[in-house]
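> This is data-v6.csv, which holds CSV, C-alpha atoms:
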```
chain,number,residue,atom,x,y,z
V,1,MET,CA,120.6,92.8,75.4
V,2,THR,CA,122.4,89.5,75.9
V,3,ALA,CA,123.1,87.9,79.2
V,4,SER,CA,126.8,88.4,78.7
V,5,LYS,CA,126.4,92.1,78.5
V,6,LEU,CA,124.2,92.6,81.5
V,7,HIS,CA,125.5,94.9,84.1
V,8,LEU,CA,124.5,95.2,87.7
V,9,HIS,CA,125.2,99.0,87.6
V,10,GLU,CA,122.6,100.6,85.4
V,11,LYS,CA,120.7,103.8,85.0
V,12,THR,CA,117.6,103.9,82.9
V,13,LYS,CA,115.1,106.6,82.4
V,14,THR,CA,113.1,105.7,85.5
V,15,LEU,CA,115.3,103.4,87.5
V,16,SER,CA,118.9,102.9,88.7
V,17,TRP,CA,120.4,99.8,90.2
V,18,GLU,CA,123.7,98.7,91.5
V,19,LEU,CA,125.2,95.7,93.3
V,20,LYS,CA,127.3,96.4,96.4
V,21,ASP,CA,128.4,93.9,99.0
V,22,GLY,CA,125.9,91.2,97.9
V,23,THR,CA,122.9,93.5,97.8
V,24,ILE,CA,121.3,95.0,94.8
V,25,GLU,CA,119.8,98.4,95.4
V,26,LEU,CA,117.0,99.4,93.0
V,27,ALA,CA,116.1,103.1,93.0
V,28,LEU,CA,112.9,104.4,91.5
V,29,HIS,CA,113.3,107.9,90.2
V,30,HIS,CA,110.4,108.8,87.9
V,31,PRO,CA,108.8,112.1,88.9
V,32,PRO,CA,106.5,113.1,90.3
V,33,CYS,CA,106.0,110.0,92.3
V,34,ASN,CA,107.2,106.9,90.4
V,35,GLU,CA,103.9,106.4,88.5
V,36,ILE,CA,104.0,103.0,86.9
V,37,GLY,CA,103.3,103.4,83.2
V,38,THR,CA,104.9,102.1,80.0
V,39,ALA,CA,108.3,103.8,80.7
V,40,MET,CA,108.7,102.4,84.1
V,41,LEU,CA,107.4,99.0,83.1
V,42,GLU,CA,110.0,98.8,80.3
V,43,ASP,CA,112.7,99.6,82.7
V,44,LEU,CA,111.4,97.2,85.3
V,45,GLU,CA,111.5,94.5,82.6
V,46,GLN,CA,115.1,95.3,81.9
V,47,PHE,CA,115.9,95.2,85.6
V,48,VAL,CA,114.2,91.8,86.1
V,49,THR,CA,116.3,90.4,83.2
V,50,ALA,CA,119.5,91.7,85.0
V,51,LEU,CA,118.2,90.4,88.3
V,52,GLU,CA,117.8,86.9,86.9
V,53,ALA,CA,121.3,87.0,85.5
V,54,ALA,CA,122.8,88.1,88.8
V,55,GLY,CA,123.2,84.5,89.9
V,56,GLU,CA,125.2,84.1,93.1
V,57,LYS,CA,126.7,87.6,93.0
V,58,ALA,CA,123.7,88.9,95.0
V,59,ALA,CA,121.9,87.7,98.0
V,60,ALA,CA,119.5,90.6,98.7
V,61,LEU,CA,117.6,93.2,96.9
V,62,ILE,CA,116.4,96.6,98.2
V,63,VAL,CA,113.7,98.6,96.3
V,64,TYR,CA,113.4,102.2,97.3
V,65,SER,CA,112.4,105.6,95.9
V,66,ARG,CA,114.5,108.7,95.3
V,67,GLN,CA,111.3,110.8,94.9
V,68,GLU,CA,110.5,113.0,97.9
V,69,ALA,CA,106.7,112.4,97.6
V,70,GLY,CA,107.0,108.8,98.3
V,71,PHE,CA,107.7,105.2,97.1
V,72,SER,CA,105.1,105.2,94.3
V,73,ALA,CA,101.7,106.7,93.7
V,74,GLY,CA,100.8,103.6,91.6
V,75,ALA,CA,99.7,103.1,88.1
V,76,ASP,CA,100.0,106.0,85.7
V,77,LEU,CA,96.3,106.6,85.4
V,78,ARG,CA,96.7,109.7,83.1
V,79,GLU,CA,98.7,107.7,80.6
V,80,LEU,CA,96.2,104.9,80.8
V,81,TYR,CA,93.3,107.3,80.2
V,82,ALA,CA,95.2,109.0,77.3
V,83,ALA,CA,96.0,105.6,75.7
V,84,SER,CA,92.4,104.5,76.0
V,85,LEU,CA,90.9,107.5,74.2
V,86,GLY,CA,89.4,106.8,70.9
V,87,LEU,CA,89.5,103.0,71.4
V,88,THR,CA,86.5,100.7,71.4
V,89,ALA,CA,85.8,98.9,74.7
V,90,ALA,CA,87.2,95.7,73.3
V,91,GLU,CA,90.4,97.5,72.2
V,92,ARG,CA,90.7,99.1,75.6
V,93,VAL,CA,90.4,95.9,77.4
V,94,SER,CA,92.9,94.1,75.1
V,95,GLY,CA,95.4,96.8,75.7
V,96,VAL,CA,95.1,96.9,79.4
V,97,ARG,CA,95.2,93.1,79.7
V,98,ALA,CA,98.5,93.1,77.8
V,99,PHE,CA,99.9,95.8,80.1
V,100,LEU,CA,98.7,93.9,83.2
V,101,GLU,CA,100.2,90.6,82.0
V,102,ARG,CA,103.6,92.3,81.6
V,103,VAL,CA,103.3,93.9,85.0
V,104,HIS,CA,102.5,90.6,86.5
V,105,ARG,CA,105.5,88.9,84.9
V,106,VAL,CA,107.8,91.6,86.4
V,107,LEU,CA,106.2,91.4,89.9
V,108,SER,CA,106.1,87.7,90.0
V,109,ALA,CA,109.8,87.6,89.0
V,110,ILE,CA,110.6,89.9,92.0
V,111,ASP,CA,108.2,87.9,94.2
V,112,GLY,CA,109.8,84.6,93.4
V,113,SER,CA,113.4,85.9,93.2
V,114,PRO,CA,115.9,83.7,95.1
V,115,LEU,CA,117.2,86.9,96.7
V,116,THR,CA,115.8,88.2,100.0
V,117,THR,CA,113.8,91.2,98.8
V,118,ILE,CA,113.1,94.3,100.8
V,119,ALA,CA,110.9,97.3,100.0
V,120,ALA,CA,112.1,100.4,101.8
V,121,VAL,CA,109.2,102.8,101.6
V,122,HIS,CA,108.4,106.3,102.6
V,123,GLY,CA,105.5,108.7,101.9
V,124,VAL,CA,102.9,107.8,99.3
V,125,THR,CA,102.8,104.0,98.8
V,126,PHE,CA,99.6,103.7,96.9
V,127,GLY,CA,97.9,101.3,94.4
V,128,GLY,CA,100.5,99.8,92.1
V,129,GLY,CA,103.3,101.1,94.3
V,130,PHE,CA,101.8,99.3,97.2
V,131,GLU,CA,101.6,96.2,95.0
V,132,LEU,CA,105.3,96.5,94.0
V,133,ALA,CA,106.1,96.6,97.7
V,134,LEU,CA,103.9,93.6,98.4
V,135,ALA,CA,105.9,91.5,95.9
V,136,CYS,CA,108.9,91.9,98.2
V,137,ASP,CA,109.6,89.6,101.1
V,138,LEU,CA,109.8,92.4,103.7
V,139,ILE,CA,108.4,96.0,103.9
V,140,ILE,CA,110.4,98.5,105.9
V,141,ALA,CA,108.5,101.7,106.3
V,142,ASP,CA,109.5,105.3,107.2
V,143,LYS,CA,107.1,106.3,110.0
V,144,MET,CA,105.5,108.9,107.6
V,145,ALA,CA,104.7,106.3,104.9
V,146,ARG,CA,101.1,105.9,103.9
V,147,PHE,CA,99.5,102.8,102.3
V,148,CYS,CA,96.3,102.8,100.2
V,149,PHE,CA,94.4,100.8,97.6
V,150,PRO,CA,92.3,103.6,96.0
V,151,GLU,CA,91.2,101.6,93.0
V,152,LEU,CA,87.5,101.1,94.1
V,153,ARG,CA,87.2,104.8,94.1
V,154,LEU,CA,87.6,104.6,90.3
V,155,GLY,CA,85.3,101.6,89.9
V,156,LEU,CA,88.2,99.2,89.6
V,157,ILE,CA,90.1,96.7,91.7
V,158,PRO,CA,93.9,96.6,92.1
V,159,GLY,CA,95.3,95.0,89.0
V,160,PHE,CA,99.0,94.5,89.7
V,161,GLY,CA,98.5,91.5,92.0
V,162,GLY,CA,97.5,93.4,95.1
V,163,ILE,CA,94.5,91.4,96.3
V,164,PRO,CA,96.2,87.9,96.1
V,165,ARG,CA,99.4,89.2,97.7
V,166,LEU,CA,97.5,91.0,100.4
V,167,ARG,CA,95.5,87.9,101.1
V,168,ARG,CA,98.6,85.9,101.3
V,169,ASP,CA,100.1,88.2,103.9
V,170,ILE,CA,97.3,89.4,106.2
V,171,GLY,CA,93.8,88.6,107.4
V,172,ASN,CA,90.8,89.0,105.0
V,173,SER,CA,89.1,91.5,107.3
V,174,VAL,CA,92.0,93.9,106.9
V,175,VAL,CA,92.0,93.3,103.1
V,176,ARG,CA,88.3,94.2,103.0
V,177,ASP,CA,88.8,97.3,105.1
V,178,LEU,CA,91.6,98.6,102.8
V,179,LEU,CA,89.8,97.8,99.6
V,180,LEU,CA,86.2,98.5,100.4
V,181,THR,CA,86.8,101.9,102.1
V,182,GLY,CA,89.8,102.9,99.9
V,183,ARG,CA,91.3,104.6,103.0
V,184,SER,CA,95.0,105.1,103.5
V,185,ILE,CA,96.7,103.8,106.6
V,186,ASN,CA,100.0,104.9,108.3
V,187,ALA,CA,103.1,102.9,108.9
V,188,ALA,CA,102.2,102.1,112.5
V,189,LYS,CA,98.8,100.7,111.5
V,190,ALA,CA,100.4,98.8,108.6
V,191,MET,CA,102.8,97.2,111.1
V,192,ALA,CA,100.0,96.3,113.5
V,193,THR,CA,98.2,94.5,110.6
V,194,GLY,CA,101.3,92.6,109.6
V,195,LEU,CA,102.0,94.3,106.3
V,196,VAL,CA,105.1,96.1,107.5
V,197,SER,CA,107.9,94.3,109.3
V,198,GLN,CA,109.8,97.3,110.7
V,199,VAL,CA,109.1,101.0,111.1
V,200,ALA,CA,112.0,103.4,110.7
V,201,ALA,CA,112.4,107.0,111.8
V,202,GLU,CA,111.8,109.7,109.2
V,203,GLY,CA,114.3,109.4,106.4
V,204,GLU,CA,115.8,106.2,107.7
V,205,ALA,CA,114.0,103.4,106.0
V,206,LEU,CA,116.8,102.8,103.4
V,207,GLN,CA,119.4,102.6,106.2
V,208,VAL,CA,117.3,100.1,108.2
V,209,ALA,CA,116.8,98.1,105.0
V,210,ARG,CA,120.5,98.1,104.3
V,211,ALA,CA,121.2,96.7,107.8
V,212,THR,CA,118.5,94.1,107.3
V,213,ALA,CA,119.9,93.1,103.9
V,214,ALA,CA,123.3,92.7,105.4
V,215,GLN,CA,121.9,90.3,108.0
V,216,ALA,CA,120.1,88.3,105.2
V,217,CYS,CA,123.3,88.1,103.2
V,218,LYS,CA,125.0,86.2,106.1
V,219,PHE,CA,122.8,83.2,105.6
V,220,ASP,CA,123.3,80.1,103.4
V,221,ARG,CA,121.5,80.9,100.2
V,222,THR,CA,120.2,77.5,99.6
V,223,ALA,CA,118.5,77.5,103.1
V,224,SER,CA,117.1,81.1,102.5
V,225,MET,CA,115.7,80.1,99.1
V,226,ALA,CA,114.1,77.0,100.5
V,227,ALA,CA,112.5,78.9,103.3
V,228,LYS,CA,111.2,81.5,100.9
V,229,ARG,CA,109.7,78.9,98.5
V,230,PHE,CA,108.0,77.2,101.5
V,231,LEU,CA,106.7,80.4,103.1
V,232,LYS,CA,105.8,82.6,100.1
V,233,PRO,CA,104.2,80.6,97.3
V,234,ILE,CA,103.1,82.8,94.4
V,235,PRO,CA,99.3,82.7,94.1
V,236,HIS,CA,99.3,82.2,90.3
V,237,GLU,CA,95.7,81.2,89.9
V,238,GLU,CA,94.4,84.1,91.9
V,239,LEU,CA,96.7,86.5,90.1
V,240,ARG,CA,95.2,85.3,86.8
V,241,ARG,CA,91.7,85.7,88.1
V,242,GLU,CA,92.5,89.2,89.3
V,243,ILE,CA,93.4,90.3,85.8
V,244,ASP,CA,90.1,88.9,84.5
V,245,VAL,CA,88.1,90.8,87.1
V,246,PHE,CA,90.0,94.0,86.4
V,247,CYS,CA,89.4,93.7,82.7
V,248,GLU,CA,85.6,93.0,83.2
V,249,LEU,CA,85.4,96.2,85.3
V,250,PHE,CA,87.6,98.2,83.0
V,251,GLU,CA,85.3,97.6,80.1
V,252,ARG,CA,82.5,99.8,81.7
V,253,PRO,CA,82.0,103.4,80.5
V,254,ALA,CA,81.9,104.5,84.2
V,255,VAL,CA,85.5,103.6,84.6
V,256,MET,CA,86.5,105.8,81.6
V,257,GLU,CA,84.5,108.6,83.1
V,258,GLY,CA,86.3,108.2,86.5
V,259,LEU,CA,89.6,108.2,84.7
V,260,ARG,CA,88.6,111.3,82.8
V,261,LYS,CA,87.7,113.2,85.9
V,262,PHE,CA,90.9,112.0,87.6
V,263,SER,CA,93.1,113.0,84.6
V,264,GLU,CA,91.4,116.4,84.1
V,265,ASN,CA,91.3,117.4,87.8
V,266,THR,CA,93.7,120.2,88.5
V,267,SER,CA,92.4,121.2,91.9
V,268,ALA,CA,94.6,120.8,94.9
V,269,HIS,CA,91.7,119.0,96.6
V,270,PRO,CA,91.4,115.3,96.2
V,271,TYR,CA,89.1,114.3,93.3
V,272,LEU,CA,88.6,110.7,94.4
V,273,PRO,CA,85.3,110.1,96.2
O,1,MET,CA,89.4,115.5,127.2
O,2,LYS,CA,90.8,118.3,125.1
O,3,THR,CA,88.6,121.1,124.1
O,4,LEU,CA,88.0,121.9,120.4
O,5,GLU,CA,90.1,125.0,120.9
O,6,GLN,CA,93.0,123.0,122.4
O,7,THR,CA,92.9,120.5,119.5
O,8,THR,CA,92.8,123.3,116.9
O,9,ASP,CA,95.7,125.0,118.5
O,10,GLU,CA,97.8,121.8,118.5
O,11,ILE,CA,96.9,121.2,114.8
O,12,LEU,CA,98.0,124.8,113.9
O,13,GLY,CA,101.3,124.2,115.8
O,14,LEU,CA,102.0,120.9,114.0
O,15,ALA,CA,101.1,122.3,110.6
O,16,ALA,CA,103.4,125.3,111.1
O,17,GLN,CA,106.2,123.1,112.2
O,18,HIS,CA,105.8,120.5,109.5
O,19,PHE,CA,105.4,123.0,106.6
O,20,LYS,CA,107.9,125.4,108.1
O,21,ILE,CA,105.7,128.5,108.3
O,22,PRO,CA,105.2,130.9,111.3
O,23,ARG,CA,102.6,129.7,113.7
O,24,GLU,CA,101.1,133.2,113.9
O,25,ASP,CA,100.4,133.1,110.2
O,26,LEU,CA,97.8,130.4,110.7
O,27,ALA,CA,94.2,130.8,111.9
O,28,PRO,CA,91.5,128.2,112.7
O,29,SER,CA,89.3,129.3,109.8
O,30,ASP,CA,92.1,129.2,107.2
O,31,ASP,CA,91.8,127.0,104.2
O,32,PHE,CA,94.9,124.8,104.8
O,33,TYR,CA,95.3,123.8,101.2
O,34,LYS,CA,95.6,127.5,100.3
O,35,LYS,CA,97.5,128.7,103.4
O,36,LEU,CA,100.0,125.9,103.4
O,37,LYS,CA,100.1,125.8,99.6
O,38,ILE,CA,99.7,122.0,99.5
O,39,ASP,CA,97.9,119.5,97.3
O,40,SER,CA,96.1,116.4,98.4
O,41,LEU,CA,99.2,114.3,98.6
O,42,ARG,CA,101.0,116.8,100.9
O,43,ALA,CA,97.8,117.0,102.9
O,44,LEU,CA,98.3,113.3,103.7
O,45,GLU,CA,101.6,114.3,105.4
O,46,LEU,CA,99.6,116.5,107.7
O,47,ILE,CA,97.1,113.7,108.4
O,48,THR,CA,99.9,111.3,109.2
O,49,ARG,CA,101.5,113.8,111.5
O,50,LEU,CA,98.2,114.4,113.3
O,51,GLU,CA,97.5,110.6,113.6
O,52,HIS,CA,100.9,110.2,115.3
O,53,HIS,CA,100.5,113.2,117.6
O,54,PHE,CA,96.9,112.4,118.7
O,55,GLY,CA,97.3,108.6,118.7
O,56,ILE,CA,94.3,108.1,116.4
O,57,GLU,CA,93.4,106.9,113.0
O,58,LEU,CA,91.9,109.5,110.7
O,59,PRO,CA,90.4,107.8,107.6
O,60,ASP,CA,90.6,109.9,104.4
O,61,TYR,CA,86.9,109.8,103.9
O,62,GLU,CA,86.3,111.6,107.2
O,63,VAL,CA,88.4,114.6,106.1
O,64,GLN,CA,87.1,114.5,102.5
O,65,GLY,CA,85.9,118.0,101.7
O,66,VAL,CA,87.4,119.4,104.9
O,67,THR,CA,89.5,122.5,104.1
O,68,ASP,CA,89.8,124.5,107.4
O,69,PHE,CA,91.7,123.7,110.5
O,70,ARG,CA,88.7,124.1,112.9
O,71,THR,CA,86.6,121.5,111.0
O,72,LEU,CA,89.7,119.2,110.9
O,73,ALA,CA,89.9,119.6,114.7
O,74,SER,CA,86.3,118.6,115.1
O,75,ARG,CA,86.9,115.4,113.1
O,76,ILE,CA,89.9,114.6,115.4
O,77,GLN,CA,87.9,115.4,118.5
O,78,ALA,CA,85.4,112.7,117.5
O,79,ARG,CA,88.2,110.1,117.7
O,80,LEU,CA,89.9,111.2,120.9
```
Write out the structure in this file as structure tokens.

Amino acid sequence: MTASKLHLHEKTKTLSWELKDGTIELALHHPPCNEIGTAMLEDLEQFVTALEAAGEKAAALIVYSRQEAGFSAGADLRELYAASLGLTAAERVSGVRAFLERVHRVLSAIDGSPLTTIAAVHGVTFGGGFELALACDLIIADKMARFCFPELRLGLIPGFGGIPRLRRDIGNSVVRDLLLTGRSINAAKAMATGLVSQVAAEGEALQVARATAAQACKFDRTASMAAKRFLKPIPHEELRREIDVFCELFERPAVMEGLRKFSENTSAHPYLP
Amino acid sequence: MKTLEQTTDEILGLAAQHFKIPREDLAPSDDFYKKLKIDSLRALELITRLEHHFGIELPDYEVQGVTDFRTLASRIQARL
């Protein structure tokens, strides 16, 4: 796709986006709960290319989900497990590293976008979905939203940039609590810790995000961009180290076993320990 | 301080309201996964609803393995 053919009204397999009154709205619609695998990653890459070409036509971006279950359940672990079957440990690590590097390019493009970016979240906002929200400047949460980093339950750490971006935004003790217990927290707790900037009534996060984006659009773009660059530096070195640690952990047979149990679990009860 | 029975009754009322089933169809000993026909993700909706109602935090690991309303009530009682 060439820059001259880019449109700011697109619908792909897993995403839709449109530009209206200076705000781009990016909708995630990949059932069951916007799992981030190769399909969504390819679409996000396409979106980021369009975003970079938007120029001065847009001043704000809202990311939200059209799936009832929530914003995103995170990485597509079943796809990851299936793609890893039959590979040597070295091949598995090579494949996952390439995938993570692509994810990081997308999330860093959103993170560093000159637009004011808002994640409007509801329901499940877990793992990679949480990491997508953390790449945005603001998180506006439906009061029924729930946030979690469950990766340690699988013998892994977050791999989409979650730890560096959490550390950038909130205190280390909260980061440790979220990661080392793997527990989920509600929107009120997330706001109390500083993760969430506004809590909306049920079903109203997108409307609150639109009002917030409209306010952001009033400001001088040069000043908004300067403020963002000053306040929100991208932790490139930590992001690179996070991929290294993830890959070291991913190499272990115990992780494959955890992914197998997760993928094969058909019980309604949670599998994760 | 609420009694276990009071807390259980409030949970049953909230579950019935949230999942839109008659309150009288729910009993303290019911397996809420089966009775409400929910999976682990939808169970989180119930947890969130209970956290708001009781003004507590209910970490996932405290309700891991809990399937009936009465035991769920006892976990909540410990945080009231």
> Go through chain O and flag each residue having an atom no more than 6 Å from chain V; for those, report the closest pair of atoms plus their distance in Å to one decimal, using only C-alpha atoms, ordered by chain and rising number, as CSV.

```
residue,atom,partner,partner_atom,distance
O:Asp39,CA,V:Ala268,CA,4.3
O:Ser40,CA,V:Pro270,CA,5.3
O:Pro59,CA,V:Arg183,CA,5.7
O:Asp60,CA,V:Arg183,CA,5.5
```
> Taking (85.7, 116.6, 121.7) in the coordinates of the supplied file, I want to know which residues reach to within 12 Å of it, counting only C-alpha atoms; could you give the answer as an NGL selection string?
:O and (1-8 or 70-80)
> So, with all atoms listed in the file as the atoms that count, which of V:Lys218, V:Arg252, V:Arg210, V:His104 lies closest to V:Gly162?
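Checking each candidate against V:Gly162, we get V:His104 as the closest.
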> Need the shell around stretch 26-35 of chain O: protein/DNA/RNA residues with any atom at most 6 Å away, counting all atoms listed in the file. Skip same-chain ones fewer than 6 positions apart. Format as an mmCIF file with C-alpha atoms, in the coordinates of the input?

```
data_model
loop_
_atom_site.group_PDB
_atom_site.id
_atom_site.type_symbol
_atom_site.label_atom_id
_atom_site.label_comp_id
_atom_site.auth_asym_id
_atom_site.auth_seq_id
_atom_site.Cartn_x
_atom_site.Cartn_y
_atom_site.Cartn_z
ATOM 1 C CA THR O 67 89.500 122.500 104.100
ATOM 2 C CA ASP O 68 89.800 124.500 107.400
ATOM 3 C CA PHE O 69 91.700 123.700 110.500
ATOM 4 C CA ARG O 70 88.700 124.100 112.900
#
```
> Just give me the gap between atom CA of O:Lys20 and atom CA of O:Leu36 in Å, one decimal is fine.
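Atom CA of O:Lys20 sits 9.2 Å away from atom CA of O:Leu36.
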> Leaving out V:Arg78 and any residue of its chain fewer than 4 positions from it, which residues lie within 10 Å of it when counting all atoms listed in the file, given as a ChimeraX atom specification?
/V:35,37,82-84,259-260,262-264
> Give me, as a PyMOL selection string, all polymer residues having an atom no more than 12 Å from V:Glu131, counting all atoms listed in the file and skipping those fewer than 5 positions away in the same chain.
chain V and resi 36+71-75+103-104+106-108+110-111+119+125-126+136+139+147-151+157-167+195+239
> Could you work out how far atom CA of O:Gly55 lies from atom CA of V:Ala133, giving the answer in Å with one decimal?
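These two atoms are separated by 25.7 Å.
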> Would you work out the distance separating atom CA of V:Leu156 from atom CA of V:Val255, expressed in Å to one decimal?
7.2 Å
> Can you pull out every residue within 9 Å of stretch 59-63 of chain V, counting all atoms listed in the file, but drop anything in the same chain fewer than 6 positions away, and send it as number ranges by chain?
V: 19, 22-28, 71, 114-121, 132-133, 136, 206, 209-210, 213-214, 216-219, 221
